[in-house]
file work_21.cif (mmCIF, C-alpha atoms and all ligand atoms)
data_target
loop_
_atom_site.label_atom_id
_atom_site.label_comp_id
_atom_site.auth_asym_id
_atom_site.auth_seq_id
_atom_site.Cartn_x
_atom_site.Cartn_y
_atom_site.Cartn_z
CA MET F 1 22.83 8.67 -48.25
CA LEU F 2 26.17 7.10 -47.60
CA GLY F 3 26.71 3.91 -45.61
CA GLY F 4 23.94 4.21 -43.03
CA SER F 5 23.42 7.95 -42.66
CA PRO F 6 19.79 8.64 -43.67
CA CYS F 7 20.47 12.28 -44.52
CA SER F 8 22.86 14.52 -46.42
CA LYS F 9 24.61 16.02 -43.39
CA PRO F 10 28.36 15.53 -43.24
CA VAL F 11 29.49 12.12 -42.03
CA ARG F 12 31.19 12.39 -38.63
CA VAL F 13 30.88 9.01 -36.95
CA GLU F 14 31.59 5.42 -37.91
CA HIS F 15 29.56 2.76 -36.17
CA ASP F 16 29.81 -0.96 -37.07
CA GLY F 17 31.21 -0.08 -40.48
CA GLN F 18 28.39 2.41 -41.21
CA PHE F 19 28.83 6.16 -41.34
CA TYR F 20 26.54 8.72 -39.73
CA CYS F 21 26.20 12.42 -39.15
CA THR F 22 26.14 13.55 -35.51
CA VAL F 23 22.32 13.71 -35.55
CA HIS F 24 21.84 10.13 -36.76
CA ASP F 25 24.75 8.55 -34.89
CA PRO F 26 23.05 5.46 -33.35
CA ALA F 27 24.68 6.11 -29.98
CA ARG F 28 23.28 9.65 -29.89
CA VAL F 29 19.88 8.53 -31.20
CA LYS F 30 19.76 5.94 -28.42
CA ALA F 31 20.87 8.50 -25.82
CA ARG F 32 18.13 10.93 -26.90
CA THR F 33 15.51 8.16 -26.90
CA ASP F 34 16.61 6.94 -23.47
CA GLU F 35 16.48 10.52 -22.19
CA ARG F 36 12.92 10.99 -23.50
CA HIS F 37 11.83 7.67 -22.01
CA GLU F 38 13.40 8.55 -18.67
CA ALA F 39 11.63 11.95 -18.69
CA LEU F 40 8.28 10.27 -19.48
CA TYR F 41 8.89 7.69 -16.77
CA GLN F 42 9.68 10.37 -14.18
CA LYS F 43 6.59 12.35 -15.21
CA ALA F 44 4.37 9.26 -14.90
CA LYS F 45 5.94 8.42 -11.54
CA GLU F 46 5.25 11.94 -10.26
CA ARG F 47 1.65 11.83 -11.54
CA SER F 48 1.19 8.50 -9.81
CA ARG F 49 2.65 9.87 -6.54
CA ILE F 50 0.26 12.84 -6.67
CA MET F 51 -2.74 10.57 -7.33
CA MET F 52 -1.76 8.29 -4.43
CA LEU F 53 -1.39 11.29 -2.12
CA GLU F 54 -4.75 12.64 -3.25
CA ALA F 55 -6.39 9.26 -2.55
CA GLU F 56 -4.77 9.20 0.92
CA ARG F 57 -6.03 12.72 1.63
CA GLN F 58 -9.53 11.75 0.60
CA ALA F 59 -9.41 8.69 2.85
CA PHE F 60 -8.11 10.90 5.67
CA GLY F 61 -11.02 13.29 5.09
CA ARG F 62 -13.48 10.40 5.33
CA ASN F 63 -11.80 9.24 8.56
CA CYS F 64 -12.09 12.74 10.01
CA ILE F 65 -15.80 12.89 9.21
CA ALA F 66 -16.36 9.43 10.69
CA ALA F 67 -14.53 10.50 13.87
CA ILE F 68 -16.58 13.69 14.17
CA ARG F 69 -19.77 11.66 13.73
CA GLU F 70 -18.70 9.30 16.53
CA ILE F 71 -17.91 12.24 18.80
CA ALA F 72 -21.23 13.91 17.90
CA ALA F 73 -23.01 10.65 18.68
CA GLY F 74 -21.60 10.79 22.20
CA HIS F 75 -18.35 8.79 22.09
CA ASN F 76 -16.86 9.17 25.56
CA ASP F 77 -13.21 9.63 24.52
CA ALA F 78 -13.10 12.31 21.85
CA GLN F 79 -9.38 12.94 22.38
CA SER F 80 -8.33 9.36 21.66
CA ILE F 81 -10.50 9.27 18.53
CA ALA F 82 -9.00 12.57 17.37
CA ARG F 83 -5.45 11.38 18.09
CA SER F 84 -5.89 8.09 16.26
CA VAL F 85 -7.32 9.83 13.19
CA LEU F 86 -4.51 12.40 13.19
CA GLU F 87 -1.95 9.56 13.24
CA SER F 88 -3.22 8.51 9.80
CA GLU F 89 -2.74 11.98 8.33
CA PRO F 90 -0.91 11.59 4.99
CA LYS F 91 2.51 13.22 4.70
CA PRO F 92 3.37 14.84 1.37
ZN ZN F 101 22.08 12.24 -40.57
#
call {"tool": "encode", "arguments": {"input": "work_21.cif", "output": "structure tokens"}}
result
Amino acid sequence: MLGGSPCSKPVRVEHDGQFYCTVHDPARVKARTDERHEALYQKAKERSRIMMLEAERQAFGRNCIAAIREIAAGHNDAQSIARSVLESEPKP
């Protein structure tokens, strides 16, 4: 181990007076870490989007059932009920 590099690979980079191989170059280590964090963040964001959409679809399903019950119970304007429920249909 020579001047900062934690391994025996050839020294290629100097950083703040310390020497590193290309694998342990702090700039590259940071870039790889940032890349992993960004990938995890994007994955979590996508999961969250899917869960929100699923919740909206379930709410939409409940609204549909409620509308059908009102129509079945004799509501006198089935079309307006149907239209208002369809307006709340979640878009992917
Ligand atoms: Zn190294």
call {"tool": "residues_near_ligand", "arguments": {"input": "work_21.cif", "ligand": "ligand ZN 101 (chain F)", "cutoff": "7 Å", "atoms": "only C-alpha atoms and all ligand atoms", "output": "PyMOL selection string"}}
result
chain F and resi 5-9+20-24
call {"tool": "write_last_selection", "arguments": {"input": "work_21.cif", "atoms": "C-alpha atoms", "output": "PDB file, in the coordinates of the input"}}
result
ATOM      1  CA  SER F   5      23.420   7.950 -42.660  1.00  0.00           C
ATOM      2  CA  PRO F   6      19.790   8.640 -43.670  1.00  0.00           C
ATOM      3  CA  CYS F   7      20.470  12.280 -44.520  1.00  0.00           C
ATOM      4  CA  SER F   8      22.860  14.520 -46.420  1.00  0.00           C
ATOM      5  CA  LYS F   9      24.610  16.020 -43.390  1.00  0.00           C
ATOM      6  CA  TYR F  20      26.540   8.720 -39.730  1.00  0.00           C
ATOM      7  CA  CYS F  21      26.200  12.420 -39.150  1.00  0.00           C
ATOM      8  CA  THR F  22      26.140  13.550 -35.510  1.00  0.00           C
ATOM      9  CA  VAL F  23      22.320  13.710 -35.550  1.00  0.00           C
ATOM     10  CA  HIS F  24      21.840  10.130 -36.760  1.00  0.00           C
TER      11      HIS F  24
END
call {"tool": "residues_around", "arguments": {"input": "work_21.cif", "residues": "stretch 78-89 of chain F", "least_positions_apart": "3", "cutoff": "8 Å", "atoms": "only C-alpha atoms", "output": "PyMOL selection string"}}
result
chain F and resi 57+60+63-64+67+71+75
call {"tool": "atom_distance", "arguments": {"input": "work_21.cif", "atom1": "atom CA of F:Val11", "atom2": "atom CA of F:Arg36"}}
result
24.9 Å
call {"tool": "atom_distance", "arguments": {"input": "work_21.cif", "atom1": "atom CA of F:Leu40", "atom2": "atom CA of F:Glu56"}}
result
24.2 Å
call {"tool": "atom_distance", "arguments": {"input": "work_21.cif", "atom1": "atom CA of F:Arg12", "atom2": "atom CA of F:Asp25"}}
result
8.4 Å
call {"tool": "residues_around", "arguments": {"input": "work_21.cif", "residues": "F:Pro26", "least_positions_apart": "5", "cutoff": "10 Å", "atoms": "all atoms listed in the file", "output": "PyMOL selection string"}}
result
chain F and resi 4-5+13-15+18-21+31-32
call {"tool": "write_last_selection", "arguments": {"input": "work_21.cif", "atoms": "C-alpha atoms", "output": "PDB file, in the coordinates of the input"}}
result
ATOM      1  CA  GLY F   4      23.940   4.210 -43.030  1.00  0.00           C
ATOM      2  CA  SER F   5      23.420   7.950 -42.660  1.00  0.00           C
ATOM      3  CA  VAL F  13      30.880   9.010 -36.950  1.00  0.00           C
ATOM      4  CA  GLU F  14      31.590   5.420 -37.910  1.00  0.00           C
ATOM      5  CA  HIS F  15      29.560   2.760 -36.170  1.00  0.00           C
ATOM      6  CA  GLN F  18      28.390   2.410 -41.210  1.00  0.00           C
ATOM      7  CA  PHE F  19      28.830   6.160 -41.340  1.00  0.00           C
ATOM      8  CA  TYR F  20      26.540   8.720 -39.730  1.00  0.00           C
ATOM      9  CA  CYS F  21      26.200  12.420 -39.150  1.00  0.00           C
ATOM     10  CA  ALA F  31      20.870   8.500 -25.820  1.00  0.00           C
ATOM     11  CA  ARG F  32      18.130  10.930 -26.900  1.00  0.00           C
TER      12      ARG F  32
END
call {"tool": "closest_residue", "arguments": {"input": "work_21.cif", "among": "F:Ala72, F:Ala66, F:Val29, F:Met52", "to": "F:Pro90", "atoms": "all atoms listed in the file"}}
result
F:Met52
